[in-house]
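Here's the structure we're looking at; comments come further down.
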Amino acid sequence: MKNKVLAIVAMVMMVGLSAQAALQYQITKNPDTGQFWEPASRLTITINEGGSLWISSYVNAWYGDLTDLGTIADMTEGNYGWITTPGGGAMGTIMPSTGESKEVTLWNKEHTKSNTTTAYFVGDFEAGDEIGLWLTNMRTGTPQEGYSLGPVKEGLNEELISRQINTKDLAGNTRFNFGFANGGSSVEFILSGGDYHGGAVGQPLPGAFATLLLAGGVGTALTRKNRKREEE
């Protein structure tokens, strides 16, 4: 009886822990007001399943080192991040990210080839969130900023001339391309999702904590019951 109950608890624990899924998202391309040419399209990211969002360089080879995005864009704290969208893809509040990084492994569709690169933390998001992205390139002298929302060649995007998502990397990820004017090199990157970050990485969700407490309670109850039988 004891083994049967513990087996059931273990199964419940596995279900609870599996609930900690990685972020999933969808990219939308729409023309901006008054700028109907394709490279001026605003790019928004809609979160389909909550978790953490990361940004990195793309996979252009399965062997050798991939480019560290931090060598072509300023991925330090406060120099890249995300943007809130009040609605309809409009520019909202500009949110800086922390610059925290980790190594990520990117796989092909068949999961037979892989390569690693450095990814940079954008933020934690919930299902239904819609955001934009921004970053700063590494142009010598004066770096340039580019935003996935708002018109190009104007305002905050004064030196951004194009935003495109026309190609995919070898792992099947959509490649973002921000093109800059006046000698500024373009920046290409991809996005990837992970478990909620913010201090909870590698830890069970609240429901799983309850399951662990349940397991402990069941184990204690069974132990006490067996001791009582032995005393009788």
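Numbering starts fresh at 1 for the residues of each chain in the structure tokens, the chains themselves are lettered A, B, ... in the order given, and ligands are numbered from 1 as they appear.
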Spatial neighbours of range 83-88 of chain A, 7 Å, only C-alpha atoms, chain gap at least 2 places, as a PyMOL selection string: chain A and resi 90-95+130-133
query: Where does DSSP see helix (DSSP H, G or I) in range 3-203 of chain A, if you list the residues as an MDAnalysis selection string?
result: chainID A and resid 3:18 38:40 69:71 155:157
- request: Can you pull out every residue within 10 Å of Tyr80 in chain A, counting only C-alpha atoms, but drop anything in the same chain fewer than 3 positions away, and send it as a list in words?
  value: Ala73, Asp74, Met75, Thr76, Glu77, Ile94, Met95, Pro96, Ser97, Thr98, Gly99, Tyr120, Phe121, Val122, Leu133, Trp134, Leu135, Thr136, Asn137, Glu145, Gly146 and Tyr147 of chain A
Export of prior selection with C-alpha atoms as a compact mmCIF listing (two decimals), in the first residue's frame:
# COMPACT_ATOMS: atom_id res chain seq x y z
CA ALA A 73 25.41 45.19 -30.55
CA ASP A 74 25.72 46.71 -27.10
CA MET A 75 24.10 44.02 -24.97
CA THR A 76 25.03 45.59 -21.65
CA GLU A 77 22.47 46.74 -19.10
CA ILE A 94 10.79 51.78 -23.42
CA MET A 95 12.00 49.14 -20.97
CA PRO A 96 15.76 48.44 -20.51
CA SER A 97 16.99 44.89 -19.96
CA THR A 98 19.66 43.73 -17.54
CA GLY A 99 22.43 42.46 -19.81
CA TYR A 120 20.96 37.84 -23.49
CA PHE A 121 17.96 38.14 -21.16
CA VAL A 122 15.14 40.37 -22.41
CA LEU A 133 12.23 45.17 -29.16
CA TRP A 134 15.06 47.68 -29.27
CA LEU A 135 18.85 47.56 -29.30
CA THR A 136 21.96 49.65 -29.83
CA ASN A 137 24.58 48.86 -32.46
CA GLU A 145 19.51 52.78 -31.58
CA GLY A 146 16.82 50.88 -33.43
CA TYR A 147 13.25 50.05 -32.39
- prompt: Residues at most 8 Å from range 55-58 of chain A, counting only C-alpha atoms, excluding those fewer than 5 positions away in the same chain, as JSON, numbers by chain?
  reply: {"A": [66, 67, 68, 69, 117, 118, 119, 120, 121, 122, 169, 173, 175, 188, 189, 190, 191, 192]}
message: With distances taken over only C-alpha atoms, which residue among A:Arg139, A:Phe178, A:Asp195, A:Val104 lies nearest Thr71 in chain A?
response: A:Arg139
Residue nearest Gly128 in chain A - candidates A:Gly193, A:Gly150, A:Gly64, A:Gly50, atoms counted: only C-alpha atoms: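 Closest candidate: A:Gly50.
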task: Can you work out the spacing between CA of Leu106 in chain A and CA of Phe176 in chain A in Å, to one decimal?
output: 16.3 Å
- prompt: Which distance in Å separates CA of Gly78 in chain A and CA of Arg42 in chain A, to one decimal?
  reply: 22.0 Å
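Computed from the coordinates, the CA of Leu23 in chain A to CA of Glu126 in chain A distance equals 8.5 Å.
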message: To test your reading of the structure, identify every residue in range 48-210 of chain A that backbone DSSP assigns to strand (DSSP E or B), and report it as a PyMOL selection string.
response: chain A and resi 48-49+51-56+73+80-84+94-96+101-107+114-125+130-137+145-147+160-168+174-180+187-194
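For the set A:Gly34, A:Gly179, A:Gly172, A:Gly198, the residue with the smallest atom-to-atom gap to His111 in chain A is A:Gly172, counting only C-alpha atoms.
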- prompt: Which residue gives the smallest distance to Glu154 in chain A among A:Asn48, A:Gln26, A:Ser186, A:Gln35, with only C-alpha atoms counted?
  reply: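 The closest residue to Glu154 in chain A is A:Gln35.
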query: Which residues, written as a count of residues only, have at least one atom at most 10 Å from Glu159 in chain A, with only C-alpha atoms counted and residues fewer than 3 positions away on the same chain left out?
result: 15
